[in-house]
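A.B. asks: Input structure: work.cif, which contains mmCIF, C-alpha atoms.
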```
data_upload
loop_
_atom_site.group_PDB
_atom_site.id
_atom_site.type_symbol
_atom_site.label_atom_id
_atom_site.label_comp_id
_atom_site.auth_asym_id
_atom_site.auth_seq_id
_atom_site.Cartn_x
_atom_site.Cartn_y
_atom_site.Cartn_z
ATOM 1 C CA MET A 1 25.812 65.107 72.113
ATOM 2 C CA PRO A 2 25.833 64.202 68.399
ATOM 3 C CA GLY A 3 22.504 63.432 66.713
ATOM 4 C CA PRO A 4 21.494 60.109 65.167
ATOM 5 C CA ARG A 5 23.617 58.809 62.319
ATOM 6 C CA LYS A 6 22.050 57.342 59.222
ATOM 7 C CA LYS A 7 23.199 53.864 58.368
ATOM 8 C CA THR A 8 22.422 51.693 55.411
ATOM 9 C CA LEU A 9 20.727 48.366 55.870
ATOM 10 C CA TYR A 10 23.895 46.630 54.692
ATOM 11 C CA GLU A 11 25.970 48.339 57.364
ATOM 12 C CA LEU A 12 23.485 47.412 60.064
ATOM 13 C CA ILE A 13 23.466 43.739 59.049
ATOM 14 C CA ASN A 14 27.234 43.524 58.786
ATOM 15 C CA LYS A 15 27.756 45.251 62.145
ATOM 16 C CA GLY A 16 25.298 43.047 64.026
ATOM 17 C CA ALA A 17 22.627 45.704 64.596
ATOM 18 C CA ILE A 18 19.876 43.560 63.039
ATOM 19 C CA LYS A 19 18.293 40.942 65.326
ATOM 20 C CA ALA A 20 16.210 39.017 62.787
ATOM 21 C CA ILE A 21 15.546 38.762 59.057
ATOM 22 C CA ILE A 22 12.135 37.386 58.115
ATOM 23 C CA PHE A 23 11.794 35.830 54.659
ATOM 24 C CA ASP A 24 8.735 34.967 52.632
ATOM 25 C CA PHE A 25 9.038 31.535 50.988
ATOM 26 C CA ASP A 26 7.137 30.858 47.737
ATOM 27 C CA GLY A 27 8.432 33.217 45.070
ATOM 28 C CA THR A 28 11.161 34.557 47.350
ATOM 29 C CA ILE A 29 13.243 31.513 48.242
ATOM 30 C CA LEU A 30 11.485 28.945 46.057
ATOM 31 C CA ASP A 31 11.187 29.884 42.372
ATOM 32 C CA VAL A 32 7.528 29.202 41.559
ATOM 33 C CA ASN A 33 7.391 31.257 38.352
ATOM 34 C CA GLU A 34 7.613 28.349 35.927
ATOM 35 C CA PRO A 35 5.013 26.165 37.704
ATOM 36 C CA LEU A 36 2.580 29.074 37.895
ATOM 37 C CA HIS A 37 3.099 30.213 34.288
ATOM 38 C CA LYS A 38 2.644 26.699 32.981
ATOM 39 C CA SER A 39 -0.457 26.047 35.111
ATOM 40 C CA VAL A 40 -2.205 29.264 34.071
ATOM 41 C CA ALA A 41 -1.255 28.927 30.396
ATOM 42 C CA GLU A 42 -2.533 25.353 30.104
ATOM 43 C CA VAL A 43 -5.833 25.999 31.912
ATOM 44 C CA PHE A 44 -6.572 29.291 30.166
ATOM 45 C CA GLN A 45 -5.855 27.747 26.756
ATOM 46 C CA LYS A 46 -8.155 24.822 27.523
ATOM 47 C CA HIS A 47 -11.011 27.144 28.489
ATOM 48 C CA GLY A 48 -10.349 29.792 25.841
ATOM 49 C CA ILE A 49 -9.611 32.520 28.371
ATOM 50 C CA TYR A 50 -7.492 35.485 27.332
ATOM 51 C CA GLY A 51 -6.188 38.547 29.116
ATOM 52 C CA GLU A 52 -3.186 40.841 29.510
ATOM 53 C CA TRP A 53 -0.561 38.275 30.502
ATOM 54 C CA GLU A 54 1.580 40.215 32.978
ATOM 55 C CA GLN A 55 -1.467 41.546 34.796
ATOM 56 C CA THR A 56 -3.134 38.127 34.814
ATOM 57 C CA MET A 57 -0.046 36.438 36.241
ATOM 58 C CA ALA A 58 0.229 39.016 39.012
ATOM 59 C CA GLN A 59 -3.455 38.644 39.875
ATOM 60 C CA VAL A 60 -3.546 34.837 39.779
ATOM 61 C CA GLY A 61 -0.286 34.697 41.719
ATOM 62 C CA SER A 62 -1.692 36.972 44.406
ATOM 63 C CA VAL A 63 -4.804 34.793 44.694
ATOM 64 C CA LEU A 64 -2.718 31.614 44.979
ATOM 65 C CA ASP A 65 -0.526 33.228 47.626
ATOM 66 C CA THR A 66 -3.639 34.015 49.637
ATOM 67 C CA VAL A 67 -5.478 30.691 49.322
ATOM 68 C CA GLN A 68 -2.715 28.069 49.201
ATOM 69 C CA ALA A 69 -3.211 27.064 52.848
ATOM 70 C CA ILE A 70 -6.989 27.592 52.991
ATOM 71 C CA PRO A 71 -9.261 24.501 52.966
ATOM 72 C CA LEU A 72 -11.303 24.129 49.772
ATOM 73 C CA PRO A 73 -14.720 24.594 51.492
ATOM 74 C CA LYS A 74 -13.641 28.009 52.768
ATOM 75 C CA ILE A 75 -12.307 28.952 49.313
ATOM 76 C CA ILE A 76 -15.710 28.107 47.837
ATOM 77 C CA LEU A 77 -17.510 30.191 50.482
ATOM 78 C CA GLU A 78 -15.285 33.195 49.773
ATOM 79 C CA ALA A 79 -15.010 32.558 46.025
ATOM 80 C CA TYR A 80 -16.836 35.697 44.918
ATOM 81 C CA ASP A 81 -14.403 38.051 46.676
ATOM 82 C CA ILE A 82 -11.332 35.948 45.875
ATOM 83 C CA PHE A 83 -11.830 35.474 42.147
ATOM 84 C CA ASN A 84 -13.135 38.968 41.468
ATOM 85 C CA LEU A 85 -9.467 39.951 41.722
ATOM 86 C CA VAL A 86 -8.710 38.175 38.402
ATOM 87 C CA THR A 87 -9.941 40.496 35.650
ATOM 88 C CA ALA A 88 -9.377 37.851 32.940
ATOM 89 C CA LEU A 89 -12.281 35.926 34.503
ATOM 90 C CA GLU A 90 -14.707 38.859 34.378
ATOM 91 C CA GLY A 91 -18.011 37.917 32.778
ATOM 92 C CA TYR A 92 -17.738 34.237 33.634
ATOM 93 C CA ARG A 93 -20.219 32.552 35.958
ATOM 94 C CA MET A 94 -18.903 31.727 39.419
ATOM 95 C CA ILE A 95 -19.070 27.978 38.785
ATOM 96 C CA LYS A 96 -16.693 28.358 35.837
ATOM 97 C CA LYS A 97 -14.380 30.586 37.880
ATOM 98 C CA LEU A 98 -14.230 27.881 40.528
ATOM 99 C CA ARG A 99 -13.577 25.175 37.938
ATOM 100 C CA VAL A 100 -10.774 27.217 36.362
ATOM 101 C CA ALA A 101 -9.268 28.103 39.732
ATOM 102 C CA ALA A 102 -9.380 24.498 40.942
ATOM 103 C CA SER A 103 -7.612 23.330 37.768
ATOM 104 C CA ILE A 104 -4.888 25.959 38.093
ATOM 105 C CA PHE A 105 -4.389 25.243 41.793
ATOM 106 C CA SER A 106 -4.213 21.481 41.227
ATOM 107 C CA LYS A 107 -1.673 21.767 38.398
ATOM 108 C CA TYR A 108 0.363 24.338 40.294
ATOM 109 C CA GLN A 109 0.631 22.215 43.441
ATOM 110 C CA LYS A 110 1.892 19.245 41.441
ATOM 111 C CA LEU A 111 4.393 21.261 39.369
ATOM 112 C CA ALA A 112 5.622 23.244 42.376
ATOM 113 C CA GLU A 113 6.898 20.024 43.959
ATOM 114 C CA ASN A 114 9.801 20.208 41.504
ATOM 115 C CA ALA A 115 10.382 23.960 41.761
ATOM 116 C CA LYS A 116 13.977 25.129 42.021
ATOM 117 C CA LEU A 117 15.514 27.726 44.303
ATOM 118 C CA CYS A 118 15.641 31.360 43.285
ATOM 119 C CA GLN A 119 18.971 32.600 41.941
ATOM 120 C CA GLY A 120 21.556 33.267 44.638
ATOM 121 C CA VAL A 121 19.452 31.965 47.557
ATOM 122 C CA GLU A 122 21.988 29.463 48.931
ATOM 123 C CA LEU A 123 24.847 31.965 48.764
ATOM 124 C CA LEU A 124 22.881 34.703 50.515
ATOM 125 C CA LEU A 125 21.417 32.500 53.257
ATOM 126 C CA ALA A 126 24.812 31.023 54.094
ATOM 127 C CA ALA A 127 26.267 34.519 54.429
ATOM 128 C CA LEU A 128 23.376 35.977 56.433
ATOM 129 C CA ALA A 129 22.953 33.029 58.811
ATOM 130 C CA GLU A 130 26.435 33.747 60.178
ATOM 131 C CA LYS A 131 25.391 37.275 61.119
ATOM 132 C CA VAL A 132 21.729 37.149 62.178
ATOM 133 C CA PRO A 133 18.894 34.675 62.963
ATOM 134 C CA LEU A 134 16.702 33.966 59.930
ATOM 135 C CA TYR A 135 12.993 33.146 59.932
ATOM 136 C CA ILE A 136 10.308 32.281 57.391
ATOM 137 C CA VAL A 137 6.752 33.613 57.440
ATOM 138 C CA SER A 138 4.715 32.002 54.669
ATOM 139 C CA HIS A 139 1.093 31.743 53.566
ATOM 140 C CA ASN A 140 1.806 28.105 52.764
ATOM 141 C CA LEU A 141 1.438 25.338 55.345
ATOM 142 C CA THR A 142 4.336 25.030 57.784
ATOM 143 C CA ILE A 143 4.944 21.358 56.941
ATOM 144 C CA LYS A 144 5.073 22.120 53.209
ATOM 145 C CA VAL A 145 7.714 24.795 53.744
ATOM 146 C CA GLN A 146 9.729 22.564 56.093
ATOM 147 C CA GLU A 147 9.651 19.693 53.609
ATOM 148 C CA SER A 148 10.885 21.939 50.815
ATOM 149 C CA LEU A 149 13.655 23.377 52.979
ATOM 150 C CA ALA A 150 14.796 19.863 53.875
ATOM 151 C CA LYS A 151 14.691 18.790 50.228
ATOM 152 C CA HIS A 152 16.899 21.713 49.197
ATOM 153 C CA LYS A 153 19.157 21.379 52.255
ATOM 154 C CA LEU A 154 18.326 24.856 53.586
ATOM 155 C CA ALA A 155 16.687 23.971 56.927
ATOM 156 C CA GLN A 156 19.875 24.604 58.911
ATOM 157 C CA TYR A 157 19.812 28.301 58.047
ATOM 158 C CA PHE A 158 16.502 29.078 59.770
ATOM 159 C CA ALA A 159 15.791 29.596 63.444
ATOM 160 C CA GLY A 160 12.038 29.300 62.863
ATOM 161 C CA VAL A 161 9.490 28.512 60.139
ATOM 162 C CA TYR A 162 5.900 29.761 60.473
ATOM 163 C CA GLY A 163 3.204 28.919 57.952
ATOM 164 C CA ALA A 164 -0.402 30.089 57.699
ATOM 165 C CA ASP A 165 -1.475 27.371 60.135
ATOM 166 C CA GLN A 166 0.654 28.932 62.898
ATOM 167 C CA LEU A 167 0.278 32.658 62.241
ATOM 168 C CA PRO A 168 -2.217 34.876 64.077
ATOM 169 C CA ALA A 169 -2.920 36.730 60.814
ATOM 170 C CA LEU A 170 -1.820 36.778 57.177
ATOM 171 C CA LYS A 171 0.214 39.464 55.430
ATOM 172 C CA PRO A 172 -0.281 42.415 54.901
ATOM 173 C CA ASN A 173 -1.382 42.339 58.560
ATOM 174 C CA PRO A 174 1.756 43.294 60.543
ATOM 175 C CA GLU A 175 0.912 40.660 63.177
ATOM 176 C CA ALA A 176 2.132 38.010 60.726
ATOM 177 C CA VAL A 177 5.720 39.260 60.765
ATOM 178 C CA ALA A 178 5.572 40.543 64.337
ATOM 179 C CA PHE A 179 4.825 36.967 65.440
ATOM 180 C CA ALA A 180 8.170 35.790 64.057
ATOM 181 C CA ALA A 181 10.032 38.842 65.343
ATOM 182 C CA ALA A 182 8.738 38.144 68.851
ATOM 183 C CA GLN A 183 10.739 34.898 68.864
ATOM 184 C CA VAL A 184 14.015 36.836 69.166
ATOM 185 C CA GLY A 185 12.964 38.543 72.387
ATOM 186 C CA PRO A 186 13.045 42.293 73.126
ATOM 187 C CA HIS A 187 13.816 44.370 70.042
ATOM 188 C CA LYS A 188 13.232 47.698 68.357
ATOM 189 C CA PRO A 189 11.395 47.878 65.004
ATOM 190 C CA GLU A 190 14.539 49.084 63.207
ATOM 191 C CA GLU A 191 16.303 45.851 64.259
ATOM 192 C CA ILE A 192 14.037 43.634 62.118
ATOM 193 C CA VAL A 193 14.072 43.102 58.340
ATOM 194 C CA VAL A 194 11.294 41.638 56.178
ATOM 195 C CA VAL A 195 12.197 40.202 52.762
ATOM 196 C CA GLY A 196 9.620 39.190 50.149
ATOM 197 C CA ASP A 197 8.493 39.207 46.539
ATOM 198 C CA MET A 198 4.952 40.517 47.118
ATOM 199 C CA PRO A 199 3.600 43.988 47.960
ATOM 200 C CA THR A 200 1.853 42.331 50.927
ATOM 201 C CA ASP A 201 5.260 41.369 52.373
ATOM 202 C CA ILE A 202 6.384 44.981 52.149
ATOM 203 C CA GLN A 203 3.112 46.344 53.544
ATOM 204 C CA ALA A 204 3.296 44.006 56.550
ATOM 205 C CA GLY A 205 6.872 45.031 57.291
ATOM 206 C CA GLN A 206 6.142 48.725 56.879
ATOM 207 C CA ALA A 207 3.095 48.551 59.153
ATOM 208 C CA ALA A 208 5.280 46.944 61.836
ATOM 209 C CA GLY A 209 7.966 49.605 61.392
ATOM 210 C CA TYR A 210 10.564 47.125 60.108
ATOM 211 C CA TRP A 211 13.085 47.421 57.315
ATOM 212 C CA THR A 212 11.666 46.038 54.065
ATOM 213 C CA VAL A 213 13.464 44.410 51.143
ATOM 214 C CA ALA A 214 11.547 43.607 47.960
ATOM 215 C CA VAL A 215 13.121 41.027 45.684
ATOM 216 C CA SER A 216 11.805 40.775 42.134
ATOM 217 C CA THR A 217 11.969 36.998 41.897
ATOM 218 C CA GLY A 218 8.248 36.231 41.860
ATOM 219 C CA PHE A 219 5.378 36.968 39.514
ATOM 220 C CA ILE A 220 4.827 40.579 40.625
ATOM 221 C CA PRO A 221 6.330 43.085 38.145
ATOM 222 C CA TYR A 222 9.324 45.120 39.288
ATOM 223 C CA SER A 223 7.340 48.347 38.849
ATOM 224 C CA HIS A 224 4.598 47.097 41.209
ATOM 225 C CA LEU A 225 7.182 46.328 43.881
ATOM 226 C CA GLU A 226 8.776 49.720 43.338
ATOM 227 C CA ALA A 227 5.373 51.353 43.903
ATOM 228 C CA ALA A 228 5.200 49.647 47.310
ATOM 229 C CA GLN A 229 8.232 51.761 48.308
ATOM 230 C CA PRO A 230 10.393 49.175 50.075
ATOM 231 C CA ASP A 231 13.579 50.337 51.748
ATOM 232 C CA LEU A 232 15.514 48.233 49.268
ATOM 233 C CA LEU A 233 14.528 46.722 45.916
ATOM 234 C CA VAL A 234 16.734 44.140 44.190
ATOM 235 C CA ARG A 235 16.164 41.989 41.124
ATOM 236 C CA ASN A 236 17.619 38.872 42.736
ATOM 237 C CA PHE A 237 19.640 37.669 45.692
ATOM 238 C CA VAL A 238 22.888 37.876 43.757
ATOM 239 C CA GLU A 239 22.517 41.667 43.843
ATOM 240 C CA PHE A 240 21.671 41.548 47.544
ATOM 241 C CA TYR A 241 24.684 39.365 48.362
ATOM 242 C CA ASP A 242 27.037 41.467 46.250
ATOM 243 C CA ALA A 243 25.979 44.619 48.074
ATOM 244 C CA LEU A 244 26.443 42.953 51.470
ATOM 245 C CA GLU A 245 29.966 42.054 50.457
ATOM 246 C CA GLY A 246 30.691 45.604 49.253
ATOM 247 C CA GLY A 247 30.674 44.672 45.581
ATOM 248 C CA GLN A 248 29.848 46.621 42.432
ATOM 249 C CA ASN A 249 26.133 46.806 43.171
ATOM 250 C CA SER A 250 26.527 48.624 46.477
ATOM 251 C CA HIS A 251 24.902 51.655 44.810
ATOM 252 C CA LEU A 252 21.624 49.821 45.424
ATOM 253 C CA GLU A 253 21.801 50.918 49.063
ATOM 254 C CA ALA A 254 18.736 52.733 50.390
ATOM 255 C CA ILE A 255 18.730 54.945 53.491
ATOM 256 C CA LYS A 256 15.189 55.399 54.755
ATOM 257 C CA LYS A 257 15.429 54.709 58.447
ATOM 258 C CA VAL A 258 17.517 56.369 61.087
ATOM 259 C CA ALA A 259 19.368 54.251 63.601
ATOM 260 C CA PRO A 260 21.390 55.613 66.524
ATOM 261 C CA VAL A 261 25.084 54.904 66.694
ATOM 262 C CA ALA A 262 25.618 51.955 68.980
ATOM 263 C CA SER A 263 28.419 49.695 70.039
ATOM 264 C CA HIS A 264 27.990 46.024 69.184
ATOM 265 C CA ALA A 265 31.181 44.712 70.630
#
```
Write out the structure in this file as C-alpha cells.

C.D. replies:
Amino acid sequence: MPGPRKKTLYELINKGAIKAIIFDFDGTILDVNEPLHKSVAEVFQKHGIYGEWEQTMAQVGSVLDTVQAIPLPKIILEAYDIFNLVTALEGYRMIKKLRVAASIFSKYQKLAENAKLCQGVELLLAALAEKVPLYIVSHNLTIKVQESLAKHKLAQYFAGVYGADQLPALKPNPEAVAFAAAQVGPHKPEEIVVVGDMPTDIQAGQAAGYWTVAVSTGFIPYSHLEAAQPDLLVRNFVEFYDALEGGQNSHLEAIKKVAPVASHA
C-alpha cells in the first residue's frame, strides 16, 4: 500500500480536504495600521516619548490586541504586567503609563471605526467561501466584529464569529481556535487552517496541530512572523488568492504537513 502523499495547503483547499478556515479580524481582515500609527504618534509626541518605531508599534499593537475587549478596571489591575511589554515606556511611573495607554486606546477606538479592509480581502473571502466554511476568532468583542463585517458587507462569508466574550481562552491558547473548529463537527487537525497577522495566531494554530497562514498585513514585522514558522507566509491576500488560483505566486507554497490521499467526491 503506498505511503502518505504530501500535499500543499492550496491543493487541500481546492480539493475540499479542508473543513474550516479560521481568520483573525483586526489587522488581518480589517486594516488597523493607520489608526494605530496615528494614535501612537500623536500621544507619544504629546508626552515627549521616543523609541525605536517598528519595535514600539509591534509592542503597542500586541498590547492593544490583548486588552481591546478587557474592561478598564481589569486593565488597571493588570497594568504592571501589560505595559511592561512596551519598552518605550520604561522608566515612567505606572500612572503615566496608564494615562498614555488610555489616550492611545481612546484615539485608536475612534479612528478604527473608519478603518478599511486589508488588500485583497473581499476577493479571497468570496473565493474561499465557495470551498470551505469560514470563521472568525478575535480578541475584540463579538458585536464589534459583527458590526464591522456588516458595514463592509462581509458577514455572508462567515459561518461563525467568536470574539473574546465568547471564547474559553485567548490566543496563543489553542482552545481559542479549537472552539471555532469544534463548530464544524468531527475533524482531524490537518483539516483546519488558522490565518492571522500576529505570532499569537500562529502559535495557537500550531499548538492545536492546525495549518497556519501568517499574513503580513498588521503591525508585526514580516521577519517576526517568519520567526514564528507558519506553514505559509504571505505579504497580503492578493498573494494568497493568486496562489489558490494557480497564478505566478504559486512558488509561495509550503509543504509542512502530511495528509493521506483521500477521495472527496

A.B. asks: Counting only C-alpha atoms, which residue out of A:Leu89, A:Val121, A:Leu233, A:Ser39 sits closest to Phe105 of chain A?

C.D. replies: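 Checking each candidate against Phe105 of chain A, we get A:Ser39 as the closest.
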
A.B. asks: Would you please work out which residue, of A:Glu113, A:Asp165, A:Asp26, A:Glu54, is nearest to Met198 of chain A when using all atoms listed in the file?

C.D. replies: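 Of A:Glu113, A:Asp165, A:Asp26, A:Glu54, the one nearest Met198 of chain A is A:Asp26, counting all atoms listed in the file.
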
A.B. asks: The PyMOL selection byres ((chain A and resi 117) around 7) - which residues does that actually catch in the file I just gave you? List them as a list in words.

C.D. replies: Ile29, Leu30, Asp31, Ala115, Lys116, Cys118, Gln119 and Val121 of chain A

A.B. asks: Counting only C-alpha atoms, figure out which residue out of A:Ala178, A:Leu36, A:Ala126, A:Ile136 gets nearest to Ala204 of chain A.

C.D. replies: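 Among A:Ala178, A:Leu36, A:Ala126, A:Ile136, it is A:Ala178 that comes nearest to Ala204 of chain A.
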
A.B. asks: Hey, what's within 9 Å of Leu85 of chain A if we count all atoms listed in the file and toss same-chain stuff fewer than 4 positions away? As a VMD selection string, please?

C.D. replies: chain A and resid 59 to 60 62 to 63 81 89

A.B. asks: Please, what distance in Å, to one decimal, runs between atom CA of Leu141 of chain A and atom CA of Gln166 of chain A?

C.D. replies: 8.4 Å

A.B. asks: Kindly resolve the PyMOL selection byres ((chain A and resi 146-160) around 8) on the present coordinates and return the residues as a PyMOL selection string.

C.D. replies: chain A and resi 117+122+125-126+129+133-136+142-145+161-162+180

A.B. asks: Could you write those residues out with C-alpha atoms, as a tab-separated table (two decimals), keeping the file's coordinate frame?

C.D. replies:
```
chain	number	residue	atom	x	y	z
A	117	LEU	CA	15.51	27.73	44.30
A	122	GLU	CA	21.99	29.46	48.93
A	125	LEU	CA	21.42	32.50	53.26
A	126	ALA	CA	24.81	31.02	54.09
A	129	ALA	CA	22.95	33.03	58.81
A	133	PRO	CA	18.89	34.67	62.96
A	134	LEU	CA	16.70	33.97	59.93
A	135	TYR	CA	12.99	33.15	59.93
A	136	ILE	CA	10.31	32.28	57.39
A	142	THR	CA	4.34	25.03	57.78
A	143	ILE	CA	4.94	21.36	56.94
A	144	LYS	CA	5.07	22.12	53.21
A	145	VAL	CA	7.71	24.80	53.74
A	161	VAL	CA	9.49	28.51	60.14
A	162	TYR	CA	5.90	29.76	60.47
A	180	ALA	CA	8.17	35.79	64.06
```

A.B. asks: When you look at Gly218 of chain A with a cut-off of 8 Å (counting all atoms listed in the file), what residues show up, excluding the ones that are within fewer than 4 positions of it in the same chain? I need them as a PDB file with C-alpha atoms, in the coordinates of the input.

C.D. replies:
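As a result, selection-v3.pdb now contains:
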```
ATOM      1  CA  GLY A  27       8.432  33.217  45.070  1.00  0.00           C
ATOM      2  CA  THR A  28      11.161  34.557  47.350  1.00  0.00           C
ATOM      3  CA  ASP A  31      11.187  29.884  42.372  1.00  0.00           C
ATOM      4  CA  VAL A  32       7.528  29.202  41.559  1.00  0.00           C
ATOM      5  CA  ASN A  33       7.391  31.257  38.352  1.00  0.00           C
ATOM      6  CA  ASP A 197       8.493  39.207  46.539  1.00  0.00           C
ATOM      7  CA  MET A 198       4.952  40.517  47.118  1.00  0.00           C
TER       8      MET A 198
END
```

A.B. asks: Skipping near chain neighbours, those fewer than 4 positions away, what residues fall within 12 Å of segment 224-226 of chain A using all atoms listed in the file, listed as a ChimeraX atom specification?

C.D. replies: /A:54-55,58-59,195-203,212-220,230-235
